[in-house]
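Engineer: Next up is a structure, given as structure tokens.
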Amino acid sequence: MSAPALQNPRTKRQLSRSNFEQYSWLFMRLSGVVLIVLVLGHLFIMTLLDGGVHRLNFAFVAGRWTSPFWQFWDLTMLWLAMLHGGNGVRTVINDYANKPRTRLILQTLLAIAVILIVALGTLVIFTFDPNLT
Amino acid sequence: MAKAAVGTLYRGKDGMWSWVAHRITGVLVFFFLLVHVLDTALVRVSPEAYNTTIETYMNPVVGLMEIGLVGAVLYHALNGIRIILIDFWSKGPKYQATMLRTIVVIWVLLMIPTAVTMLTRSIQHMTGGA
């Protein structure tokens with residue numbers, strides 16, 4: 001193994017052609033603020049209000065999703081939380097997976113998981129049938 | 001130069017540990033979210049499939065995990081506000097340690113009644129109460 005090539009001193013750093021990481025940084029902060037309201041509200045309603053988690057069942061979900069307000073709430077929360085969490089895990093993978101191959105495999109798995117879960121959750125909210133037996 | 005030894009915003013001491021905790025809680029909540037969307041998707045299969053699955057969660061062990069989840073989300077949310085203030089408020093970096101102590105106090109104050117309420121319900125449910 002040869003030593004990695006060192007750049008000459010004061011060589012200009014190769015600038016990235018895209019601003020992706022800057023937008024990603026901004027997205028984490030903007031989505032974070034919205035998620036504080038959506039997720040803490042969701043947790044408060046589900047775990048503390050009325051009977052807490054013990055009152056949850058199909059009828060409860062059916063009752064909530066008759067309201068477009070909660071459908072919109074849950075849909076927004078699903079998309080923002082999955083993109084915020086997916087982007088966070090992407091950063092963690094980039095920090096700790098040093099081998100390009102490991103990194104590629106983990107990022108691919110993450111992308112598949114995010115796409116599948118967002119698609120599934122969206123499908124469920126839009127096609128939910130309260131009269132299903 | 002002596003000052004550098006006590007650490008900077010993200011290296012050493014509270015600044016680093018709050019960052020470590022932010023990562024750990026974030027990754028945990030992300031994996032919970034994957035499972036949570038999958039179990040909720042059972043409402044599309046049948047009411048029985050959903051109800052049976054949800055009922056398996058209604059025991060004190062999962063109850064403790066739910067308290068842990070609320071605690072993780074709450075820390076991540078409070079520390080997220082602190083990170084935003086560090087990045088966008090001109091005095092944010094100066095007060096980062098004070099803000100960390102503040103959010104820890106808020107976290108404890110909110111988690112005590114939350115954990116008590118959730119634990120009480122969990123035990124009531126286990127012993128056949130409401």
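To be explicit about the labels: the chains of the structure tokens are called A, B, and onward in the order shown, and within each one the residues are counted from 1, while ligands get numbers from 1 in the order they are shown.
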Output as CSV one row per residue of chain B within 8 Å of chain A: the closest atom pair and its distance in Å to one decimal place, counting only C-alpha atoms, sorted by chain and residue number ascending.
Structural biologist:
residue,atom,partner,partner_atom,distance
B:Arg23,CA,A:Val92,CA,7.7
B:Gly26,CA,A:Gly85,CA,7.0
B:Val27,CA,A:Val89,CA,6.5
B:Phe30,CA,A:Gly85,CA,5.4
B:Leu33,CA,A:Met82,CA,7.8
B:Leu34,CA,A:Ile117,CA,6.7
B:Val37,CA,A:Gly121,CA,6.1
B:Leu38,CA,A:Ile117,CA,7.5
B:Ala41,CA,A:Val124,CA,6.0
B:Val43,CA,A:Phe58,CA,6.6
B:Arg44,CA,A:Phe128,CA,6.1
B:Ser46,CA,A:Thr133,CA,6.0
B:Pro47,CA,A:Phe58,CA,5.4
B:Tyr50,CA,A:Phe58,CA,6.4
B:Asn51,CA,A:Asn57,CA,5.4
B:Ile54,CA,A:Asn57,CA,7.0
B:Met58,CA,A:His54,CA,6.6
B:Val70,CA,A:Leu43,CA,7.2
B:Val73,CA,A:Leu40,CA,7.9
B:Leu74,CA,A:Leu40,CA,7.6
B:Ala77,CA,A:Ile36,CA,5.9
B:Gly80,CA,A:Gly32,CA,7.0
B:Ile81,CA,A:Val33,CA,7.6
B:Ile84,CA,A:Arg29,CA,6.4
B:Thr114,CA,A:Leu48,CA,7.3
B:Thr117,CA,A:Leu48,CA,7.3
B:Met118,CA,A:Leu48,CA,7.1
B:Arg121,CA,A:Gly52,CA,7.7
B:His125,CA,A:His54,CA,7.6
Engineer: Please, what distance in Å, to one decimal, runs between atom CA of B:Tyr95 and atom CA of B:Trp17?
Structural biologist: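 That distance, rounded to one decimal, is 16.0 Å.
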Engineer: Between A:Leu49, A:Trp25, A:Gln107, A:Arg13, which residue has the minimum interatomic distance to B:Asp87, considering only C-alpha atoms?
Structural biologist: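 Among A:Leu49, A:Trp25, A:Gln107, A:Arg13, it is A:Trp25 that comes nearest to B:Asp87.
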Engineer: What does the structure give for the distance between atom CA of A:Phe20 and atom CA of A:Asn87, in Å to one decimal?
Structural biologist: 11.5 Å
Engineer: Just list the residues in stretch 25-61 of chain A DSSP gives alpha helix (DSSP H) on the backbone, as a PyMOL selection string.
Structural biologist: chain A and resi 25-43+58-61
Engineer: If you measure from atom CA of B:Ser18 to atom CA of B:Asn79, what distance in Å do you get, rounded to one decimal?
Structural biologist: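 Interatomic distance here is 7.6 Å.
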Engineer: Tell me which protein, DNA and RNA residues are within 8 Å of B:Leu28, counting only C-alpha atoms, leaving out same-chain ones fewer than 4 positions away, and put them as a list in words.
Structural biologist: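 The filter keeps Ile24, Phe32 and Ala72 of chain B.
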